[in-house]
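Structure file model_14.cif with mmCIF, C-alpha atoms (C1' of nucleotides):
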```
data_model
loop_
_atom_site.label_atom_id
_atom_site.label_comp_id
_atom_site.auth_asym_id
_atom_site.auth_seq_id
_atom_site.Cartn_x
_atom_site.Cartn_y
_atom_site.Cartn_z
CA MET A 1 143.33 -6.54 -52.22
CA ALA A 2 142.06 -5.56 -48.83
CA ASP A 3 144.39 -6.18 -45.92
CA PRO A 4 146.55 -9.27 -46.49
CA LYS A 5 144.60 -10.59 -43.55
CA ARG A 6 147.14 -12.45 -41.48
CA THR A 7 145.82 -15.71 -40.28
CA ARG A 8 146.86 -17.69 -37.26
CA ASN A 9 148.38 -21.08 -37.52
CA THR A 10 146.25 -23.22 -35.25
CA GLN A 11 146.09 -26.97 -34.94
CA GLN A 12 142.56 -27.05 -36.25
CA ARG A 13 143.46 -25.19 -39.40
CA GLN A 14 146.48 -27.37 -39.98
CA ARG A 15 144.32 -30.46 -39.73
CA ILE A 16 141.66 -29.03 -42.01
CA LEU A 17 144.20 -28.07 -44.61
CA ARG A 18 145.82 -31.47 -44.43
CA VAL A 19 142.49 -33.14 -45.13
CA ILE A 20 141.90 -30.93 -48.15
CA GLN A 21 145.36 -31.62 -49.47
CA ALA A 22 144.95 -35.34 -48.97
CA ALA A 23 141.55 -35.43 -50.62
CA GLY A 24 142.61 -34.89 -54.21
CA CYS A 25 139.16 -33.54 -55.04
CA HIS A 26 136.68 -30.99 -53.84
CA LEU A 27 134.89 -31.71 -50.57
CA THR A 28 131.89 -30.23 -48.84
CA ALA A 29 132.29 -28.60 -45.46
CA ARG A 30 130.55 -31.55 -43.87
CA GLU A 31 132.89 -34.05 -45.47
CA ILE A 32 135.90 -32.10 -44.32
CA HIS A 33 134.46 -31.95 -40.85
CA ARG A 34 133.92 -35.66 -40.77
CA ARG A 35 137.36 -36.51 -42.07
CA VAL A 36 139.09 -34.23 -39.64
CA GLY A 37 137.15 -35.89 -36.84
CA GLN A 38 138.36 -39.29 -38.00
CA ASN A 39 142.00 -38.64 -37.30
CA GLY A 40 141.86 -37.11 -33.87
CA ARG A 41 139.51 -35.13 -31.75
CA ALA A 42 136.49 -33.69 -33.53
CA ILE A 43 136.37 -30.00 -34.20
CA GLY A 44 133.40 -27.67 -34.49
CA LEU A 45 131.63 -27.41 -37.81
CA ALA A 46 131.66 -23.65 -37.48
CA THR A 47 135.42 -23.83 -37.21
CA VAL A 48 135.56 -25.63 -40.51
CA TYR A 49 133.57 -22.89 -42.18
CA ARG A 50 135.68 -20.17 -40.64
CA ALA A 51 138.88 -21.89 -41.67
CA LEU A 52 137.61 -22.38 -45.22
CA GLU A 53 136.68 -18.75 -45.44
CA ALA A 54 140.13 -17.79 -44.21
CA PHE A 55 141.82 -20.13 -46.67
CA ALA A 56 139.73 -18.83 -49.51
CA ARG A 57 140.75 -15.28 -48.67
CA ALA A 58 144.33 -16.31 -48.51
CA GLY A 59 143.97 -17.85 -51.94
CA LEU A 60 144.79 -21.34 -50.72
CA VAL A 61 141.42 -22.84 -51.32
CA GLU A 62 138.68 -22.24 -53.82
CA SER A 63 135.01 -22.94 -53.59
CA ALA A 64 132.78 -24.33 -56.28
CA SER A 65 129.17 -25.36 -56.36
CA LEU A 66 128.81 -28.31 -58.62
CA GLY A 67 125.21 -29.22 -59.00
CA GLY A 68 124.62 -30.33 -55.43
CA ARG A 69 123.13 -28.24 -52.69
CA ALA A 70 126.37 -27.79 -50.86
CA ILE A 71 129.41 -25.78 -51.77
CA ARG A 72 132.59 -27.74 -52.32
CA TYR A 73 136.07 -26.70 -51.37
CA GLY A 74 139.39 -27.75 -52.78
CA LEU A 75 142.95 -26.61 -53.26
CA ALA A 76 143.02 -23.51 -55.36
CA ALA A 77 145.99 -24.71 -57.33
CA GLU A 78 144.14 -27.69 -58.69
CA HIS A 79 141.81 -27.95 -61.62
CA HIS A 80 139.90 -24.75 -62.23
CA ASP A 81 138.34 -26.24 -65.25
CA HIS A 82 135.89 -29.04 -65.49
CA VAL A 83 132.90 -30.49 -67.26
CA VAL A 84 129.58 -30.97 -65.50
CA CYS A 85 126.72 -33.21 -66.55
CA LEU A 86 123.39 -31.40 -66.35
CA GLU A 87 121.56 -34.67 -66.02
CA CYS A 88 123.33 -36.72 -63.39
CA GLY A 89 125.41 -33.98 -61.80
CA LYS A 90 128.69 -35.80 -62.21
CA TRP A 91 131.68 -33.67 -62.99
CA GLN A 92 135.28 -34.20 -63.89
CA PRO A 93 138.27 -31.93 -64.09
CA LEU A 94 139.93 -30.95 -67.33
CA GLY A 95 143.62 -31.45 -67.56
CA ARG A 96 144.48 -28.49 -69.67
CA CYS A 97 142.92 -25.11 -69.42
CA PRO A 98 141.45 -24.30 -72.85
CA ALA A 99 142.47 -20.66 -72.75
CA PRO A 100 141.18 -18.26 -70.13
CA ARG A 101 143.23 -15.19 -69.74
CA ALA A 102 142.47 -12.07 -67.85
CA PRO A 103 139.70 -10.10 -69.50
CA ARG A 104 140.91 -6.84 -70.90
CA GLY A 105 138.96 -3.67 -71.00
CA ALA A 106 135.78 -5.41 -69.99
CA ALA A 107 136.31 -4.88 -66.28
CA PRO A 108 138.46 -1.81 -65.70
CA GLY A 109 140.12 -1.57 -62.31
CA PHE A 110 139.48 -5.18 -61.53
CA ARG A 111 142.46 -7.19 -60.40
CA VAL A 112 142.11 -10.76 -61.52
CA THR A 113 143.65 -13.39 -59.28
CA GLY A 114 142.08 -16.51 -60.67
CA HIS A 115 139.37 -18.02 -62.78
CA ARG A 116 137.08 -20.96 -63.10
CA LEU A 117 135.79 -22.43 -66.30
CA GLU A 118 132.94 -24.88 -66.47
CA PHE A 119 131.64 -26.67 -69.48
CA PHE A 120 128.26 -28.23 -69.09
CA GLY A 121 126.33 -30.68 -71.13
CA TYR A 122 125.58 -34.36 -70.96
CA CYS A 123 127.93 -37.17 -70.17
CA GLU A 124 128.20 -40.32 -72.19
CA GLU A 125 125.62 -42.20 -70.12
CA CYS A 126 123.03 -39.46 -69.94
CA ARG A 127 122.93 -38.39 -73.54
CA MET B 1 120.45 -35.82 -73.41
CA ALA B 2 117.64 -37.49 -71.55
CA ASP B 3 114.05 -37.08 -72.63
CA PRO B 4 113.24 -33.61 -73.97
CA LYS B 5 110.91 -33.41 -71.01
CA ARG B 6 107.70 -31.83 -72.17
CA THR B 7 106.63 -29.00 -69.93
CA ARG B 8 103.24 -27.42 -69.49
CA ASN B 9 102.50 -23.83 -70.11
CA THR B 10 100.90 -22.58 -66.93
CA GLN B 11 100.23 -19.05 -65.77
CA GLN B 12 102.71 -19.35 -62.94
CA ARG B 13 105.53 -20.38 -65.24
CA GLN B 14 104.74 -17.60 -67.64
CA ARG B 15 104.92 -15.07 -64.85
CA ILE B 16 108.15 -16.51 -63.50
CA LEU B 17 109.76 -16.48 -66.91
CA ARG B 18 108.62 -12.93 -67.50
CA VAL B 19 110.27 -11.80 -64.27
CA ILE B 20 113.53 -13.46 -65.24
CA GLN B 21 113.43 -11.90 -68.68
CA ALA B 22 112.70 -8.48 -67.25
CA ALA B 23 115.44 -8.71 -64.65
CA GLY B 24 118.44 -8.34 -66.90
CA CYS B 25 120.59 -10.10 -64.34
CA HIS B 26 120.66 -13.27 -62.29
CA LEU B 27 118.19 -13.53 -59.43
CA THR B 28 117.83 -15.83 -56.46
CA ALA B 29 114.74 -17.98 -56.13
CA ARG B 30 113.54 -15.77 -53.32
CA GLU B 31 113.90 -12.62 -55.39
CA ILE B 32 111.99 -14.17 -58.23
CA HIS B 33 109.29 -15.26 -55.84
CA ARG B 34 108.99 -11.76 -54.42
CA ARG B 35 108.87 -10.08 -57.80
CA VAL B 36 106.25 -12.43 -59.13
CA GLY B 37 104.20 -11.71 -56.05
CA GLN B 38 104.43 -7.99 -56.72
CA ASN B 39 102.56 -8.08 -59.94
CA GLY B 40 99.61 -10.23 -59.07
CA ARG B 41 98.69 -12.97 -56.70
CA ALA B 42 101.59 -14.61 -54.88
CA ILE B 43 102.67 -18.07 -55.90
CA GLY B 44 104.27 -20.80 -53.84
CA LEU B 45 108.00 -20.75 -53.36
CA ALA B 46 108.14 -24.44 -54.18
CA THR B 47 106.51 -23.62 -57.50
CA VAL B 48 109.33 -21.22 -58.27
CA TYR B 49 111.90 -23.91 -57.64
CA ARG B 50 110.03 -26.44 -59.73
CA ALA B 51 109.67 -23.98 -62.58
CA LEU B 52 113.35 -23.08 -62.43
CA GLU B 53 114.30 -26.71 -62.54
CA ALA B 54 112.05 -27.22 -65.53
CA PHE B 55 113.44 -24.17 -67.30
CA ALA B 56 116.99 -25.27 -66.64
CA ARG B 57 116.28 -28.66 -68.13
CA ALA B 58 114.71 -27.05 -71.13
CA GLY B 59 117.84 -24.95 -71.53
CA LEU B 60 116.00 -21.68 -71.05
CA VAL B 61 117.58 -20.74 -67.79
CA GLU B 62 120.96 -21.32 -66.22
CA SER B 63 121.99 -21.35 -62.62
CA ALA B 64 125.09 -19.87 -61.10
CA SER B 65 126.32 -19.50 -57.57
CA LEU B 66 128.18 -16.28 -57.22
CA GLY B 67 129.69 -16.04 -53.80
CA GLY B 68 126.45 -15.80 -51.88
CA ARG B 69 124.67 -18.59 -50.14
CA ALA B 70 121.90 -18.82 -52.67
CA ILE B 71 121.94 -20.01 -56.23
CA ARG B 72 121.09 -17.42 -58.86
CA TYR B 73 119.10 -18.00 -62.00
CA GLY B 74 119.08 -16.07 -65.24
CA LEU B 75 118.40 -16.44 -68.93
CA ALA B 76 120.71 -18.99 -70.41
CA ALA B 77 121.40 -16.90 -73.46
CA GLU B 78 122.87 -14.07 -71.45
CA HIS B 79 126.36 -13.51 -70.15
CA HIS B 80 128.09 -16.72 -69.24
CA ASP B 81 131.20 -14.85 -68.34
CA HIS B 82 131.77 -12.49 -65.49
CA VAL B 83 134.15 -11.20 -62.89
CA VAL B 84 133.50 -11.69 -59.20
CA CYS B 85 135.03 -9.75 -56.32
CA LEU B 86 136.26 -12.04 -53.58
CA GLU B 87 135.99 -9.27 -51.06
CA CYS B 88 132.61 -7.64 -51.48
CA GLY B 89 130.94 -10.32 -53.58
CA LYS B 90 129.90 -7.96 -56.31
CA TRP B 91 130.04 -9.31 -59.81
CA GLN B 92 129.60 -8.01 -63.30
CA PRO B 93 129.20 -9.65 -66.66
CA LEU B 94 131.84 -9.58 -69.34
CA GLY B 95 130.76 -8.42 -72.72
CA ARG B 96 132.93 -10.65 -74.80
CA CYS B 97 133.79 -14.19 -74.05
CA PRO B 98 137.59 -14.41 -73.84
CA ALA B 99 137.86 -17.77 -75.54
CA PRO B 100 136.17 -20.88 -74.21
CA ARG B 101 135.65 -23.55 -76.72
CA ALA B 102 134.66 -27.11 -76.22
CA PRO B 103 137.40 -29.11 -74.57
CA ARG B 104 138.81 -31.71 -76.85
CA GLY B 105 140.10 -35.04 -75.81
CA ALA B 106 139.92 -34.13 -72.17
CA ALA B 107 136.36 -35.38 -71.74
CA PRO B 108 135.62 -38.05 -74.29
CA GLY B 109 131.96 -38.78 -74.93
CA PHE B 110 130.83 -35.64 -73.23
CA ARG B 111 128.45 -33.47 -75.20
CA VAL B 112 129.04 -29.85 -74.34
CA THR B 113 126.02 -27.58 -74.51
CA GLY B 114 127.34 -24.53 -72.74
CA HIS B 115 129.95 -23.09 -70.49
CA ARG B 116 130.53 -20.59 -67.76
CA LEU B 117 133.69 -18.66 -67.15
CA GLU B 118 134.37 -16.75 -63.97
CA PHE B 119 137.28 -14.55 -63.22
CA PHE B 120 137.75 -13.69 -59.61
CA GLY B 121 139.87 -11.15 -57.87
CA TYR B 122 139.31 -7.80 -56.29
CA CYS B 123 137.33 -4.89 -57.59
CA GLU B 124 138.55 -1.34 -57.70
CA GLU B 125 137.17 -0.44 -54.28
CA CYS B 126 138.33 -3.53 -52.46
CA ARG B 127 141.89 -3.70 -53.66
"C1'" DC C 1 160.01 -15.95 -20.61
"C1'" DA C 2 155.55 -13.58 -18.83
"C1'" DG C 3 151.67 -10.84 -20.07
"C1'" DG C 4 148.31 -8.84 -22.93
"C1'" DT C 5 145.35 -9.09 -26.64
"C1'" DA C 6 143.21 -10.08 -30.65
"C1'" DA C 7 142.12 -14.07 -33.28
"C1'" DG C 8 140.31 -18.56 -33.03
"C1'" DT C 9 137.33 -22.19 -31.02
"C1'" DG C 10 133.20 -25.07 -29.53
"C1'" DA C 11 128.45 -25.93 -29.00
"C1'" DG C 12 124.30 -25.09 -30.19
"C1'" DA C 13 120.85 -21.87 -31.67
"C1'" DA C 14 119.26 -19.26 -35.47
"C1'" DT C 15 118.67 -18.31 -40.19
"C1'" DC C 16 118.19 -19.36 -44.77
"C1'" DT C 17 117.83 -22.15 -48.87
"C1'" DT C 18 116.04 -25.96 -51.08
"C1'" DT C 19 113.30 -30.15 -51.24
"C1'" DC C 20 109.42 -33.00 -50.03
"C1'" DT C 21 104.55 -34.30 -49.11
"C1'" DC C 22 99.87 -34.51 -50.09
"C1'" DA C 23 95.52 -32.97 -51.27
"C1'" DC C 24 93.72 -30.17 -54.77
"C1'" DT C 25 93.70 -27.86 -59.44
"C1'" DT C 26 94.48 -27.29 -64.26
"C1'" DC C 27 96.36 -28.13 -68.88
"C1'" DG C 28 95.92 -30.37 -73.04
"C1'" DC C 29 94.84 -34.43 -75.66
"C1'" DG C 30 91.16 -37.17 -77.61
"C1'" DC D 1 83.29 -32.58 -72.23
"C1'" DG D 2 86.18 -36.06 -69.60
"C1'" DC D 3 90.41 -38.15 -68.21
"C1'" DG D 4 95.01 -38.48 -66.71
"C1'" DA D 5 99.26 -36.56 -66.03
"C1'" DA D 6 101.61 -32.52 -64.71
"C1'" DG D 7 101.51 -28.57 -61.87
"C1'" DT D 8 100.29 -25.98 -57.64
"C1'" DG D 9 100.06 -24.30 -52.67
"C1'" DA D 10 101.11 -24.51 -47.94
"C1'" DG D 11 103.70 -25.91 -44.72
"C1'" DA D 12 106.83 -29.29 -42.86
"C1'" DA D 13 111.31 -31.21 -43.25
"C1'" DA D 14 116.00 -31.53 -44.43
"C1'" DG D 15 120.28 -29.43 -44.98
"C1'" DA D 16 123.71 -25.89 -45.31
"C1'" DT D 17 125.72 -21.87 -43.46
"C1'" DT D 18 126.16 -18.21 -40.12
"C1'" DC D 19 125.84 -16.23 -35.58
"C1'" DT D 20 126.53 -15.79 -30.53
"C1'" DC D 21 129.06 -15.86 -26.51
"C1'" DA D 22 132.00 -17.54 -23.16
"C1'" DC D 23 136.35 -19.68 -23.22
"C1'" DT D 24 141.07 -20.72 -25.15
"C1'" DT D 25 145.35 -19.96 -27.53
"C1'" DA D 26 148.89 -18.14 -30.81
"C1'" DC D 27 151.87 -14.58 -31.25
"C1'" DC D 28 153.79 -9.96 -30.45
"C1'" DT D 29 156.13 -6.92 -26.91
"C1'" DG D 30 158.71 -5.79 -23.29
#
```
What would you get if you wrote out this structure as structure tokens?
Amino acid sequence: MADPKRTRNTQQRQRILRVIQAAGCHLTAREIHRRVGQNGRAIGLATVYRALEAFARAGLVESASLGGRAIRYGLAAEHHDHVVCLECGKWQPLGRCPAPRAPRGAAPGFRVTGHRLEFFGYCEECR
Amino acid sequence: MADPKRTRNTQQRQRILRVIQAAGCHLTAREIHRRVGQNGRAIGLATVYRALEAFARAGLVESASLGGRAIRYGLAAEHHDHVVCLECGKWQPLGRCPAPRAPRGAAPGFRVTGHRLEFFGYCEECR
DNA sequence: CAGGTAAGTGAGAATCTTTCTCACTTCGCG
DNA sequence: CGCGAAGTGAGAAAGATTCTCACTTACCTG
């Protein structure tokens, strides 16, 4: 990994992280921004993006784009695996991870730190 | 699945599909638009998006967002599995799929038609 | 504890991607 | 051929994300 990239512990970042932890699901940057603004003084949207980038680098948070226009962010430790409906865009996490293990041989020299597995198809209503 | 969604066979769509087939990797809408414009008269960017949406519904093309801002589109039959570098954003496909199989029990009523598996970490240069 | 400094912040502009609108064109069925 | 629905083009609009720059603040050092 490049430099462990020390990150400062500011109030804004604490508040942003708290919102993400409290959410229980993936949020867009805008949603995070709004929620942070609800409990206290509003912070800049750019700050949210910078914090998310920092968290992602630190491995705390992961990003995922689930059908919508916007990228969603959530705790990295949570569900990496989910199903997505191609029709209505709804998605839901999978409890157990069906298998993924680091690829071997296929990507020499690559250090794997995580994964994401998506199944797509059509949900009960959209079939 | 919702209506099979009949789609018309226009020149523009043929050209767009040909570009995607020739690419051998996932492209952004803008890249597709540029490449189509290179061999012949330019087409509207909106047309590219509409065609991609139609192709995705038809199951011909799949979308993936790999670190960058923009969504990338490629042939659905190609590599669903790849590694992505969190540092430089580069990504490469995996030859063999390390396992994914339809989730069972976890998503009742969901009809799975495909999957995508991403490993992320740091490539040789960025470690 | 004070000082220095590099990292972080805020506000808004800028950039970029994607979608929408509407008048016009074209495909494909009959 | 003629019709109607689907597709197209151009540009505007809507959003999402990044950038800029002056200002602030966390944290290391002495």
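Picked out by the PyMOL selection byres ((chain C) within 8 of (chain A)) when it runs on this file: DA7, DG8, DT9, DG10, DA11 and DT18 of chain C.
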Selection to disk with C-alpha atoms (C1' of nucleotides), as a short mmCIF file (atom, residue, chain, number, x, y, z; two decimals), keeping the file's coordinate frame:
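Writing the result to again.cif gives the following:
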```cif
data_model
loop_
_atom_site.label_atom_id
_atom_site.label_comp_id
_atom_site.auth_asym_id
_atom_site.auth_seq_id
_atom_site.Cartn_x
_atom_site.Cartn_y
_atom_site.Cartn_z
"C1'" DA C 7 142.12 -14.07 -33.28
"C1'" DG C 8 140.31 -18.56 -33.03
"C1'" DT C 9 137.33 -22.19 -31.02
"C1'" DG C 10 133.20 -25.07 -29.53
"C1'" DA C 11 128.45 -25.93 -29.00
"C1'" DT C 18 116.04 -25.96 -51.08
#
```
List the residues matched by the PyMOL selection byres ((chain D) within 10 of (chain B)) in the displayed structure as a PyMOL selection string, ordered by chain and then by residue number. chain D and resi 6-10+16-17
Find the axis-aligned box for range 2-6 of chain C, covering all its listed atoms and adding 8 Å on each side, and write its centre and edge lengths in Å to one decimal as AutoDock Vina command-line options.
```
--center_x 149.4 --center_y -11.2 --center_z -24.7 --size_x 28.3 --size_y 20.7 --size_z 27.8
```
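Among the candidate residues B:Ala58, B:Val83, B:Leu75, B:Ala23, the one lying nearest to chain A is B:Val83, with distances computed using only C-alpha atoms.
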Convert the output of the PyMOL selection byres ((chain B and resi 25-29) around 12) on the shown file into explicit residues, formatted as an MDAnalysis selection string. (chainID B and resid 16:17 19:24 30:36 44:53 61:66 68:80 82 91:93) or (chainID C and resid 16:18)
Give me, please, the distance in Å between CA of Glu118 in chain B and C1' of DT15 in chain C, quoted to one decimal. 28.5 Å
Between C1' of DC28 in chain D and CA of Gln11 in chain A, what distance in Å does the model show, to one decimal? 19.2 Å
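Of note, C1' of DT26 in chain C and CA of Arg18 in chain B are spaced 20.4 Å apart.
Take the candidates B:Leu60, B:Leu117, B:Arg15, B:Ala42 and check each one against chain A using all atoms listed in the file; the shortest distance goes to B:Leu117.
Minimum atom-to-atom distance to chain A, evaluated using all atoms listed in the file, belongs to B:Phe119 out of B:Gln38, B:Gly59, B:Gln14, B:Phe119.
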Pull the neighbourhood of (108.8, -33.6, -46.1) for me: all residues within 9 Å in file coordinates, counting all atoms listed in the file, as a ChimeraX atom specification. /C:19-21 /D:12-14
So which residues are close to (125.0, -16.7, -37.3), meaning at most 8 Å away in the file's coordinates with all atoms listed in the file counted, and can you show them as a VMD selection string? (chain C and resid 14 to 15) or (chain D and resid 18 to 20)
